[in-house]
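Enquirer: Can you keep this structure in mind? I'll have questions shortly.
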Amino acid sequence: MECGCLQSQFGNTILLNSERRISPKFDLLKCNTQQGLSLIDSLKHSSSRLAIQLKFGSPSSHLIQFRSLVIRCNHPQNADFPRYYSRKEKKPFPIPIVELRRAARERLKNSKGQQRRPAPPPKKGLVVQRLIPVAYRVLNARVTLINNLKKLLKVVPLHACKWCDEIHIGNVGHPFKSCRGSGTSIRKGLHEWGDAAVEDVLVPVEAYHLYDRLGKRIRHEERFSIPRIPAVVELCVQAGVDLPEYPTKRRRKPIIRIGKSEFIDADESELPDPDPDAPKPSILAEIPDTEILPPCSEEETALFAEETLQAWEEMRGGATRLMKMYPVRACGYCPEVHVGPSGHKAQNCGAHKHQQRNGQHGWQAAVLDDLIPPRYVWHVPDLDKPLQRELRKFYGQAPAVVEICVHAGARVPEQYKPTMRLDVGIPTNAREAEMVV
């Protein structure tokens, strides 16, 4: 990248993208901002940190100074797609084991001679009061998201492969040979597209409902007697949402520990009975499929799209806050999720080499994508023009919810622009793509 346009003859310092700006009188030299720019150069400078070496000189002195300038960008131009993990691979830990051990040693070293910090309310059997409104908002955002997606799918075309879990948004399916389902060798990796539903966009992730989150772990013999509900709903219930169909134990006093894994409940007889008529936040209900009506106009479709994006971000943001206080576990081998301090003992893991583990899950700390999978799809610039197989490397990807809302008229959120590759020019044909350097 040429930096001739940043050279100064009469000034000493020039700062870019900083709070302090010194703009002395300087004369710009001839600069060619397009010199040497190509696809490779754009990818080099698409990172979030770019270092430039500037050359400063003074006409009255023969001394030349070299200074480095660092330009930072929170949203890079392009970003890599999320990595695909096969069924034979174990998911990585959110924090590497080496860093966890190092942090544990530091905590042990710093805690010597100091008073032990009190345990958080969930470990005492209590509910964090300040997170109860957040749990209600997450639950309502999930219902709003489902209802709006049912309406948007009436006007936005969506296709799902009949043999694998891949979906595509467009008038026709994409031609890429990426099918990993049954009989893929016969079809040479091509997808067989069919109709899709909301469950293909929002992947249903279920978890066991716990009446007492501090109770004993679920045994293998109890796996059919305990109900399973959506994991996000179970997280909201444990965070303070009261649902009559899913009762849960609410303590008003912290538990009394009598051992490492044994405790007794405190006496609450002297406390007044809770008021059953106390006002509670309202909970939205899902609209049946028979009552779903498509939007009447493009303006109404755009409003639904914006509301859907807001519900998507609110659900993911609120779930992130809840997961910091209420632990969620995920299996490192299969999509199983458990909301609670420790995973269950049901031996129903059917992932690769599950016989060596006797069907037991490999529990680890869950991340947000384990609880709410984003389901990335190919970004289609124009629904009327199908994607071309030869131009696959020029196309971007986005979560299915975001892609649907963008085609329905919503604005593209800033955090999804790097993976959608909106700034990448797409050639018109394969011959033009071969000429790209």
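Starting from 1 in every chain, residues are counted up; chains themselves are A, B, ... following the order of the structure tokens, and ligands are numbered from 1 as listed.
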When you look at Pro288 (chain A) with a cut-off of 9 Å (counting only C-alpha atoms), what residues show up, excluding the ones that are within fewer than 3 positions of it in the same chain? I need them as a ChimeraX atom specification.

Expert: /A:147,291-292

Enquirer: Which region 117-236 of chain A residues have any atom within 8 Å of an atom of region 321-344 of chain A, and for each, what is the nearest pair of atoms with distance in Å to one decimal, counting only C-alpha atoms, rows sorted by chain and number, as a Markdown table?

Expert:
```
| residue | atom | partner | partner_atom | distance |
| --- | --- | --- | --- | --- |
| A:Pro120 | CA | A:Met325 | CA | 8.0 |
| A:Pro122 | CA | A:Tyr326 | CA | 6.7 |
| A:Leu131 | CA | A:Leu322 | CA | 7.2 |
| A:Val134 | CA | A:Leu322 | CA | 7.9 |
| A:Ala135 | CA | A:Leu322 | CA | 7.4 |
| A:Val205 | CA | A:Val337 | CA | 7.3 |
| A:Glu206 | CA | A:Val337 | CA | 7.0 |
| A:Ala207 | CA | A:His338 | CA | 5.4 |
| A:Tyr208 | CA | A:His338 | CA | 6.7 |
| A:Arg213 | CA | A:Gly340 | CA | 6.0 |
| A:Leu214 | CA | A:Pro341 | CA | 7.7 |
| A:Arg217 | CA | A:His344 | CA | 5.4 |
| A:Ile218 | CA | A:His344 | CA | 5.0 |
| A:Arg219 | CA | A:His344 | CA | 6.8 |
| A:Ala231 | CA | A:Val339 | CA | 7.0 |
| A:Glu234 | CA | A:Val339 | CA | 6.9 |
| A:Leu235 | CA | A:Val339 | CA | 6.3 |
```

Enquirer: Quick one: of A:Val367, A:Leu190, A:Val406, A:Ile146, who's nearest to Pro175 (chain A), counting only C-alpha atoms?

Expert: A:Leu190

Enquirer: Write down as number ranges by chain the residues belonging to region 147-390 of chain A that are assigned strand (DSSP E) by DSSP computed on the backbone.

Expert: A: 158-161, 167-169, 193-195, 206-208, 228-230, 256-257, 263-264, 328-331, 337-339, 363-365, 376-378

Enquirer: Keeping only N, CA, C and O atoms, write those residues as a tab-separated table (two decimals), in the first residue's frame.

Expert:
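File written: out19.tsv
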```tsv
chain	number	residue	atom	x	y	z
A	158	LEU	N	-37.70	-20.32	0.95
A	158	LEU	CA	-36.73	-21.07	1.74
A	158	LEU	C	-36.79	-22.53	1.32
A	158	LEU	O	-37.88	-23.11	1.19
A	159	HIS	N	-35.62	-23.12	1.13
A	159	HIS	CA	-35.52	-24.52	0.71
A	159	HIS	C	-34.64	-25.26	1.71
A	159	HIS	O	-33.70	-24.69	2.28
A	160	ALA	N	-34.93	-26.53	1.90
A	160	ALA	CA	-34.16	-27.41	2.78
A	160	ALA	C	-33.83	-28.69	2.04
A	160	ALA	O	-34.64	-29.20	1.26
A	161	CYS	N	-32.62	-29.18	2.27
A	161	CYS	CA	-32.19	-30.43	1.64
A	161	CYS	C	-32.92	-31.60	2.31
A	161	CYS	O	-33.09	-31.63	3.53
A	167	ILE	N	-29.86	-25.61	4.51
A	167	ILE	CA	-30.98	-24.85	3.96
A	167	ILE	C	-30.44	-23.74	3.08
A	167	ILE	O	-29.27	-23.37	3.16
A	168	HIS	N	-31.30	-23.20	2.25
A	168	HIS	CA	-30.92	-22.14	1.32
A	168	HIS	C	-32.10	-21.21	1.11
A	168	HIS	O	-33.25	-21.65	1.01
A	169	ILE	N	-31.79	-19.92	1.04
A	169	ILE	CA	-32.81	-18.89	0.85
A	169	ILE	C	-32.68	-18.36	-0.57
A	169	ILE	O	-31.65	-17.80	-0.95
A	193	TRP	N	-33.48	-30.46	-3.05
A	193	TRP	CA	-34.18	-29.43	-2.30
A	193	TRP	C	-35.67	-29.72	-2.20
A	193	TRP	O	-36.29	-30.25	-3.11
A	194	GLY	N	-36.21	-29.32	-1.02
A	194	GLY	CA	-37.63	-29.44	-0.75
A	194	GLY	C	-38.11	-28.28	0.08
A	194	GLY	O	-37.39	-27.28	0.29
A	195	ASP	N	-39.34	-28.35	0.56
A	195	ASP	CA	-39.91	-27.28	1.37
A	195	ASP	C	-39.28	-27.26	2.76
A	195	ASP	O	-38.86	-28.30	3.29
A	206	GLU	N	-33.37	-29.17	22.82
A	206	GLU	CA	-34.14	-29.47	24.01
A	206	GLU	C	-33.23	-29.88	25.15
A	206	GLU	O	-32.09	-30.34	24.94
A	207	ALA	N	-33.75	-29.73	26.36
A	207	ALA	CA	-33.02	-30.10	27.58
A	207	ALA	C	-34.02	-30.63	28.59
A	207	ALA	O	-35.23	-30.36	28.51
A	208	TYR	N	-33.52	-31.37	29.56
A	208	TYR	CA	-34.38	-31.89	30.62
A	208	TYR	C	-34.83	-30.76	31.53
A	208	TYR	O	-34.05	-29.86	31.88
A	228	ARG	N	-38.83	-33.06	28.60
A	228	ARG	CA	-37.83	-32.28	27.88
A	228	ARG	C	-38.52	-31.09	27.23
A	228	ARG	O	-39.56	-31.24	26.58
A	229	ILE	N	-37.93	-29.92	27.40
A	229	ILE	CA	-38.48	-28.68	26.87
A	229	ILE	C	-37.36	-27.94	26.14
A	229	ILE	O	-36.18	-28.31	26.27
A	230	PRO	N	-37.66	-26.91	25.34
A	230	PRO	CA	-36.60	-26.14	24.70
A	230	PRO	C	-35.60	-25.60	25.71
A	230	PRO	O	-35.96	-25.15	26.81
A	256	ILE	N	-28.24	-24.67	53.38
A	256	ILE	CA	-27.23	-24.87	54.42
A	256	ILE	C	-26.40	-26.06	54.01
A	256	ILE	O	-26.90	-27.19	53.90
A	257	ARG	N	-25.13	-25.83	53.77
A	257	ARG	CA	-24.24	-26.89	53.35
A	257	ARG	C	-23.79	-27.70	54.57
A	257	ARG	O	-23.33	-27.16	55.57
A	263	PHE	N	-26.64	-30.92	51.34
A	263	PHE	CA	-27.16	-29.69	51.91
A	263	PHE	C	-28.57	-29.96	52.39
A	263	PHE	O	-29.19	-30.98	52.06
A	264	ILE	N	-29.06	-29.02	53.20
A	264	ILE	CA	-30.44	-29.04	53.67
A	264	ILE	C	-31.04	-27.68	53.42
A	264	ILE	O	-30.34	-26.66	53.38
A	328	VAL	N	-24.60	-23.57	31.93
A	328	VAL	CA	-25.18	-24.46	30.92
A	328	VAL	C	-24.07	-25.37	30.42
A	328	VAL	O	-22.96	-24.91	30.14
A	329	ARG	N	-24.36	-26.66	30.32
A	329	ARG	CA	-23.39	-27.64	29.87
A	329	ARG	C	-23.78	-28.17	28.49
A	329	ARG	O	-24.96	-28.26	28.16
A	330	ALA	N	-22.77	-28.49	27.70
A	330	ALA	CA	-22.97	-29.05	26.36
A	330	ALA	C	-22.04	-30.23	26.18
A	330	ALA	O	-20.93	-30.25	26.72
A	331	CYS	N	-22.51	-31.22	25.45
A	331	CYS	CA	-21.68	-32.38	25.15
A	331	CYS	C	-20.68	-32.01	24.07
A	331	CYS	O	-21.03	-31.35	23.09
A	337	VAL	N	-27.62	-30.66	25.22
A	337	VAL	CA	-27.42	-29.50	26.10
A	337	VAL	C	-28.15	-29.77	27.41
A	337	VAL	O	-29.24	-30.34	27.41
A	338	HIS	N	-27.53	-29.37	28.51
A	338	HIS	CA	-28.15	-29.52	29.82
A	338	HIS	C	-28.01	-28.19	30.57
A	338	HIS	O	-26.91	-27.64	30.66
A	339	VAL	N	-29.13	-27.69	31.06
A	339	VAL	CA	-29.14	-26.44	31.82
A	339	VAL	C	-29.07	-26.80	33.30
A	339	VAL	O	-30.03	-27.30	33.88
A	363	TRP	N	-19.29	-33.76	28.99
A	363	TRP	CA	-19.82	-32.43	29.34
A	363	TRP	C	-18.69	-31.41	29.43
A	363	TRP	O	-17.61	-31.68	29.94
A	364	GLN	N	-18.99	-30.23	28.92
A	364	GLN	CA	-18.10	-29.08	29.01
A	364	GLN	C	-18.95	-27.82	29.03
A	364	GLN	O	-20.17	-27.88	28.82
A	365	ALA	N	-18.32	-26.70	29.33
A	365	ALA	CA	-19.06	-25.44	29.38
A	365	ALA	C	-19.61	-25.11	27.99
A	365	ALA	O	-18.91	-25.23	26.98
A	376	TYR	N	-25.85	-20.99	9.67
A	376	TYR	CA	-25.36	-20.13	8.59
A	376	TYR	C	-25.81	-20.66	7.24
A	376	TYR	O	-25.84	-21.87	7.00
A	377	VAL	N	-26.16	-19.73	6.35
A	377	VAL	CA	-26.58	-20.03	4.98
A	377	VAL	C	-25.81	-19.11	4.04
A	377	VAL	O	-25.23	-18.10	4.45
A	378	TRP	N	-25.84	-19.43	2.77
A	378	TRP	CA	-25.17	-18.60	1.77
A	378	TRP	C	-25.97	-17.31	1.55
A	378	TRP	O	-27.19	-17.34	1.46
```

Enquirer: Would you mind telling me which residue in A:Leu368, A:Ile283, A:Ala305, A:Leu202 lies nearest to Gly317 (chain A) when using only C-alpha atoms?

Expert: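 Checking each candidate against Gly317 (chain A), we get A:Leu368 as the closest.
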
Enquirer: Under the rule that only C-alpha atoms are counted, which of A:Ile186, A:Val401, A:Val198, A:Leu271 is the nearest residue to Gln310 (chain A)?

Expert: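 So, comparing all the options, the nearest one is A:Val401.
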
Enquirer: Taking the backbone alone, and naming residues the way the document does, which bits of region 290-395 of chain A are helix (DSSP H, G or I) by DSSP, as a count of residues only?

Expert: 40

Enquirer: Which residue out of A:Met435, A:Val203, A:His220, A:Glu414 has the minimum interatomic distance to Lys345 (chain A) when only C-alpha atoms are used?

Expert: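 Residue with the minimum atom-to-atom distance to Lys345 (chain A): A:His220.
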
Enquirer: Please list as a PyMOL selection string every residue within 12 Å of Pro133 (chain A), counting only C-alpha atoms and excluding residues in the same chain fewer than 2 positions away.

Expert: chain A and resi 127-131+135-140+236-237+239-242+280-283+318+321-322

Enquirer: Can you spit out the residues from that selection as a short mmCIF file (atom, residue, chain, number, x, y, z; two decimals), in the first residue's frame, using C-alpha atoms?

Expert:
```cif
data_model
loop_
_atom_site.label_atom_id
_atom_site.label_comp_id
_atom_site.auth_asym_id
_atom_site.auth_seq_id
_atom_site.Cartn_x
_atom_site.Cartn_y
_atom_site.Cartn_z
CA VAL A 127 -32.75 -16.58 42.01
CA VAL A 128 -30.94 -13.44 40.89
CA GLN A 129 -33.64 -10.80 41.15
CA ARG A 130 -32.13 -8.39 38.66
CA LEU A 131 -32.12 -11.07 35.94
CA ALA A 135 -35.51 -13.91 31.50
CA TYR A 136 -39.03 -12.71 30.65
CA ARG A 137 -37.70 -10.61 27.77
CA VAL A 138 -35.75 -13.56 26.39
CA LEU A 139 -38.82 -15.79 26.52
CA ASN A 140 -41.04 -13.19 24.82
CA CYS A 236 -35.59 -18.77 31.53
CA VAL A 237 -37.51 -20.97 34.00
CA ALA A 239 -33.77 -17.70 35.95
CA GLY A 240 -37.15 -16.82 37.46
CA VAL A 241 -39.90 -17.25 34.87
CA ASP A 242 -42.96 -18.99 36.35
CA LYS A 280 -46.13 -10.61 36.90
CA PRO A 281 -44.83 -9.74 33.44
CA SER A 282 -47.00 -10.96 30.61
CA ILE A 283 -45.90 -13.91 28.49
CA GLY A 318 -30.28 -11.88 27.05
CA ARG A 321 -26.32 -12.63 30.29
CA LEU A 322 -28.24 -15.52 31.81
#
```

Enquirer: Hey, what's within 9 Å of Asp384 (chain A) if we count only C-alpha atoms and toss same-chain stuff fewer than 5 positions away? As a PDB file with C-alpha atoms, in the first residue's frame, please?

Expert:
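Result went into selection-v6.pdb, see below:
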```pdb
ATOM      1  CA  GLY A 170     -33.705 -18.138  -2.742  1.00  0.00           C
ATOM      2  CA  ASN A 171     -36.076 -18.998  -5.555  1.00  0.00           C
ATOM      3  CA  VAL A 172     -33.983 -22.089  -6.334  1.00  0.00           C
TER       4      VAL A 172
END
```

Enquirer: Using CA of Tyr85 (chain A) and CA of Gly396 (chain A) as the two end points, give the distance in Å to one decimal.

Expert: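 Interatomic distance, CA of Tyr85 (chain A) to CA of Gly396 (chain A): 19.0 Å.
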
Enquirer: One decimal, in Å: what's the spacing between CA of Pro274 (chain A) and CA of Lys216 (chain A)?

Expert: 26.5 Å

Enquirer: State, in Å with one decimal place, the distance from CA of His361 (chain A) to CA of Tyr211 (chain A).

Expert: 21.6 Å
